[in-house]
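J.: First the structure, which I've put down as C-alpha cells, then a few questions once you've had a look.
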Amino acid sequence: MVAALRDLSSGNNGEMVLYVTVDANTWAKAHFPHGSSSKLVENSYTIVESTTHSLAIDVQSHASRGIGTLFVSNSNGTFFVESLKDTHRSDTGYVDFEELVGIDGVGLANYVANARQVDGGKTTKAKLKSVITYDDGSSWVPIHPPEKDMHGQNFKCSSTDDRCSLHLHSVSTPHNIGRVFSSTAPGYAMGVGSVGEYLEDYENSDLFLSTDAGRSWSQVHHGAHKYEFGDQGNVMVFINDEETTDEIRYSIDGGEHWYVSYLHIAV
C-alpha cells in the first residue's frame, strides 16, 4: 500500500512525502536519490505498472508537467533508484510506460529527447524517443527497427544508424481502448509509430507488429490504425483510424498473412 502526505512543518514549503507499507500496520518513508528528484515537483507522481517485488514510480521532476523521471524500488518499496530520465507524461499524469503481459521484466517507454529546451521554454514541441527494457528498468535500449517496410522497400534511415530506431505512440495519447501494446498472447505486441530519429505525429505514423516481445518488429500497414487481439492472440484485427472505411483486416496465423473483411450495415 502507498500513501502520500503533505508535510506542513515549518521550512519545507509543504513538500509531498511518500509512505509505503507491506502489512498495513508499519509505514516507512520512501527515499528518492538526492540530486535527481528528492523533491516531488508540483507534488506530482504516478505509480506505473510494477512487479510483485518492486514499485515503479514516475515523478514530475521538471518545471514542465510533461516531463518526469522513472524510479524503481527495492523489495519493500522504500529505497528508489533512477531508472529512466525525462519520461514523457500527459498533463493529467499518465506516463508513457507499459509492461508486456506475460513477459517478466519487459516494458516500453517514451522519453523527451529535447527536455532541456522544453523545460526552458524554448519550444513546446517535445521530441519523443521510444526505448525498451528487458530487466525491469535496470537498463533501456532503443527499439530495433525493421529493415524494410511492408512492400519490401528500405526505410529512409538505416537500422545500422545509431540515430534510427522504432518509436511508438503510448499511454499519454491513447487511440485504443485498454492496453496500448500487448495482448493476452505472451510476446505479441502492436503499436502505431514511425522509424527514424524521433516519433512522428500520429497521422504520419504506421502500424507495427512484434511476436517476440519487442526484439524485432515488422510493418503491418501504412497509416495509423486501431487494432485488437482476440482469442488469446489467435486472431488479430485492425481498421483504418484516419478516414472512413468499410474494411477490417485480420490475421489468424500470427501476422504472416492478412485478409480483408468488408462491413455491410443495413440502415
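Simple scheme: letters A, B, ... for chains in C-alpha cells order, numbers from 1 for residues in each chain, numbers from 1 for ligands in the order shown.
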Got a sec: who's within 10 Å of Gly152 in chain A, counting only C-alpha atoms, leaving out chain neighbours fewer than 4 positions off, as a PyMOL selection string?

T.: chain A and resi 147-148+219

J.: As an MDAnalysis selection string, list the residues of range 34-261 of chain A assigned to strand (DSSP E or B) by DSSP on the backbone atoms of this structure.

T.: chainID A and resid 45:47 56:59 67:73 79:89 95 97:99 107:112 128:133 141:143 148 154 165:168 182 189:196 206:210 218:221 225:230 235:240 247:251 259:261

J.: Considering only C-alpha atoms, tabulate each residue of range 121-147 of chain A that lies at most 12 Å from range 53-58 of chain A along with its nearest interatomic pair and the corresponding distance in Å to one decimal; arrange the rows by chain and ascending residue number and present them as CSV.

T.:
```
residue,atom,partner,partner_atom,distance
A:Asp136,CA,A:Ala56,CA,9.1
A:Gly137,CA,A:Ala56,CA,8.8
A:Ser138,CA,A:Ala56,CA,11.3
```

J.: When you count only C-alpha atoms, which of these residues is closest to Val195 in chain A: A:His225, A:Lys156, A:Arg215, A:His175?

T.: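 So, comparing all the options, the nearest one is A:Lys156.
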
J.: Excluding same-chain residues fewer than 2 positions from Glu197 in chain A, what lies within 12 Å of it counting only C-alpha atoms, as a compact mmCIF listing (two decimals) with N, CA and C atoms, in the first residue's frame?

T.:
```txt
# COMPACT_ATOMS: atom_id res chain seq x y z
N ALA A 113 13.50 13.78 -25.76
CA ALA A 113 14.91 13.94 -26.14
C ALA A 113 15.37 15.39 -26.00
N LYS A 127 10.25 16.27 -28.57
CA LYS A 127 10.74 15.26 -29.49
C LYS A 127 10.86 13.95 -28.72
N LEU A 128 9.99 12.99 -29.06
CA LEU A 128 9.91 11.75 -28.29
C LEU A 128 10.72 10.63 -28.93
N LYS A 129 11.33 9.83 -28.06
CA LYS A 129 12.02 8.62 -28.46
C LYS A 129 11.49 7.45 -27.64
N SER A 130 11.38 6.28 -28.24
CA SER A 130 10.91 5.09 -27.54
C SER A 130 12.09 4.19 -27.20
N PRO A 142 17.27 1.42 -27.39
CA PRO A 142 16.33 1.77 -28.47
C PRO A 142 15.63 0.53 -29.03
N ILE A 143 14.45 0.72 -29.59
CA ILE A 143 13.71 -0.39 -30.20
C ILE A 143 14.24 -0.62 -31.60
N HIS A 144 14.75 -1.81 -31.86
CA HIS A 144 15.36 -2.12 -33.15
C HIS A 144 14.30 -2.05 -34.25
N PRO A 145 14.52 -1.25 -35.29
CA PRO A 145 13.51 -1.07 -36.33
C PRO A 145 13.56 -2.21 -37.35
N PHE A 155 13.54 1.59 -45.36
CA PHE A 155 13.11 2.82 -44.71
C PHE A 155 14.12 3.93 -45.01
N LYS A 156 13.70 5.17 -44.79
CA LYS A 156 14.55 6.32 -45.12
C LYS A 156 15.85 6.29 -44.35
N CYS A 157 15.82 5.80 -43.11
CA CYS A 157 17.05 5.69 -42.33
C CYS A 157 17.38 4.23 -42.13
N SER A 158 18.65 3.94 -41.97
CA SER A 158 19.13 2.56 -41.87
C SER A 158 19.18 2.12 -40.42
N SER A 159 18.88 0.84 -40.16
CA SER A 159 18.94 0.31 -38.81
C SER A 159 20.37 0.27 -38.29
N ASP A 161 22.26 2.84 -38.44
CA ASP A 161 22.48 4.20 -37.94
C ASP A 161 22.02 4.27 -36.49
N ASP A 162 22.87 4.70 -35.58
CA ASP A 162 22.53 4.76 -34.16
C ASP A 162 21.35 5.68 -33.89
N ARG A 163 21.11 6.65 -34.77
CA ARG A 163 20.01 7.58 -34.59
C ARG A 163 18.69 7.04 -35.10
N CYS A 164 18.70 5.88 -35.73
CA CYS A 164 17.50 5.32 -36.35
C CYS A 164 16.94 4.19 -35.49
N SER A 165 15.69 4.32 -35.07
CA SER A 165 15.04 3.27 -34.30
C SER A 165 13.53 3.40 -34.46
N LEU A 166 12.80 2.45 -33.88
CA LEU A 166 11.34 2.48 -33.95
C LEU A 166 10.80 3.22 -32.73
N HIS A 167 9.85 4.12 -32.97
CA HIS A 167 9.22 4.89 -31.90
C HIS A 167 7.71 4.68 -31.98
N LEU A 168 7.05 4.57 -30.82
CA LEU A 168 5.64 4.20 -30.78
C LEU A 168 4.83 5.16 -29.92
N GLY A 193 3.43 3.85 -34.87
CA GLY A 193 4.63 4.65 -34.69
C GLY A 193 5.36 4.90 -35.99
N SER A 194 6.65 5.19 -35.87
CA SER A 194 7.44 5.55 -37.04
C SER A 194 8.89 5.12 -36.84
N VAL A 195 9.59 4.97 -37.95
CA VAL A 195 11.01 4.65 -37.95
C VAL A 195 11.79 5.91 -38.28
N LEU A 199 9.78 10.26 -32.85
CA LEU A 199 8.42 9.82 -33.13
C LEU A 199 7.68 10.87 -33.97
N GLU A 200 7.08 10.41 -35.06
CA GLU A 200 6.29 11.31 -35.92
C GLU A 200 4.89 11.50 -35.31
```

J.: Could you check how far CA of Gln60 in chain A sits from CA of Thr78 in chain A, in Å to one decimal?

T.: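 That distance, rounded to one decimal, is 18.4 Å.
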
J.: In Å, with one decimal, what is the gap from CA of Phe97 in chain A to CA of Gly191 in chain A?

T.: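 So the two atoms, CA of Phe97 in chain A and CA of Gly191 in chain A, lie 13.1 Å apart.
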
J.: Per residue of range 128-229 of chain A within 6 Å of range 235-252 of chain A, what are the shortest atom pair and its distance in Å to one decimal, counting only C-alpha atoms, with rows by chain and residue number, as a tab-separated table?

T.:
```
residue	atom	partner	partner_atom	distance
A:Ala224	CA	A:Asp241	CA	5.6
A:His225	CA	A:Asn240	CA	4.5
A:Lys226	CA	A:Ile239	CA	5.4
A:Tyr227	CA	A:Phe238	CA	4.0
A:Glu228	CA	A:Val237	CA	5.4
A:Phe229	CA	A:Met236	CA	4.6
```

J.: Can I get the selection written as a PDB file, in the first residue's frame, with C-alpha atoms?

T.:
```pdb
ATOM      1  CA  ALA A 224      -2.460   4.876 -38.324  1.00  0.00           C
ATOM      2  CA  HIS A 225      -4.878   2.077 -37.397  1.00  0.00           C
ATOM      3  CA  LYS A 226      -6.872   0.859 -34.429  1.00  0.00           C
ATOM      4  CA  TYR A 227      -6.064  -2.750 -33.572  1.00  0.00           C
ATOM      5  CA  GLU A 228      -7.090  -5.555 -31.244  1.00  0.00           C
ATOM      6  CA  PHE A 229      -6.133  -9.100 -30.259  1.00  0.00           C
TER       7      PHE A 229
END
```

J.: Separation of CA of Thr26 in chain A and CA of Ile47 in chain A, in Å?

T.: 20.3 Å

J.: In terms of the shortest atom-to-atom distance over only C-alpha atoms, which of A:Leu100, A:Val220, A:Val59, A:Ala185 is closest to Val81 in chain A?

T.: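 Answer, going by the shortest atom-to-atom distance: A:Val59.
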
J.: How would you write, as a PDB file with N, CA, C and O atoms, in the first residue's frame, the set of residues in range 27-120 of chain A that DSSP gives as alpha helix (DSSP H)?

T.:
```
ATOM      1  N   ALA A 115      14.375  17.635 -23.664  1.00  0.00           N
ATOM      2  CA  ALA A 115      13.770  18.054 -22.395  1.00  0.00           C
ATOM      3  C   ALA A 115      14.280  19.409 -21.929  1.00  0.00           C
ATOM      4  O   ALA A 115      13.510  20.216 -21.381  1.00  0.00           O
ATOM      5  N   ARG A 116      15.556  19.706 -22.133  1.00  0.00           N
ATOM      6  CA  ARG A 116      16.095  20.979 -21.656  1.00  0.00           C
ATOM      7  C   ARG A 116      15.484  22.149 -22.410  1.00  0.00           C
ATOM      8  O   ARG A 116      15.209  23.203 -21.827  1.00  0.00           O
ATOM      9  N   GLN A 117      15.247  21.993 -23.715  1.00  0.00           N
ATOM     10  CA  GLN A 117      14.635  23.064 -24.496  1.00  0.00           C
ATOM     11  C   GLN A 117      13.174  23.274 -24.091  1.00  0.00           C
ATOM     12  O   GLN A 117      12.697  24.401 -23.986  1.00  0.00           O
ATOM     13  N   VAL A 118      12.453  22.160 -23.838  1.00  0.00           N
ATOM     14  CA  VAL A 118      11.058  22.262 -23.414  1.00  0.00           C
ATOM     15  C   VAL A 118      10.982  22.897 -22.030  1.00  0.00           C
ATOM     16  O   VAL A 118      10.155  23.772 -21.762  1.00  0.00           O
ATOM     17  N   ASP A 119      11.851  22.436 -21.143  1.00  0.00           N
ATOM     18  CA  ASP A 119      11.860  22.944 -19.773  1.00  0.00           C
ATOM     19  C   ASP A 119      12.211  24.423 -19.720  1.00  0.00           C
ATOM     20  O   ASP A 119      11.700  25.175 -18.883  1.00  0.00           O
TER      21      ASP A 119
END
```

J.: Given the choices A:Ser44, A:Thr51, A:Thr211, A:Asn76, which gets closest to Lys29 in chain A if the distance is worked out from only C-alpha atoms?

T.: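 Closest to Lys29 in chain A of all the choices is A:Asn76.
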
J.: Could you give me, as a VMD selection string, the residues within 9 Å of Ser182 in chain A, counting only C-alpha atoms and dropping anything in the same chain fewer than 5 positions from it?

T.: chain A and resid 98 to 101 187 to 191 213 229

J.: Using only C-alpha atoms, which of A:Ser218, A:Asn74, A:Ser90, A:Thr124 sits nearest Val171 in chain A?

T.: A:Ser90

J.: Quick one: residues within 9 Å of Leu5 in chain A, only C-alpha atoms counted, chain neighbours fewer than 6 positions away excluded, as JSON, numbers by chain?

T.: {"A": [15, 16, 17, 18, 19]}
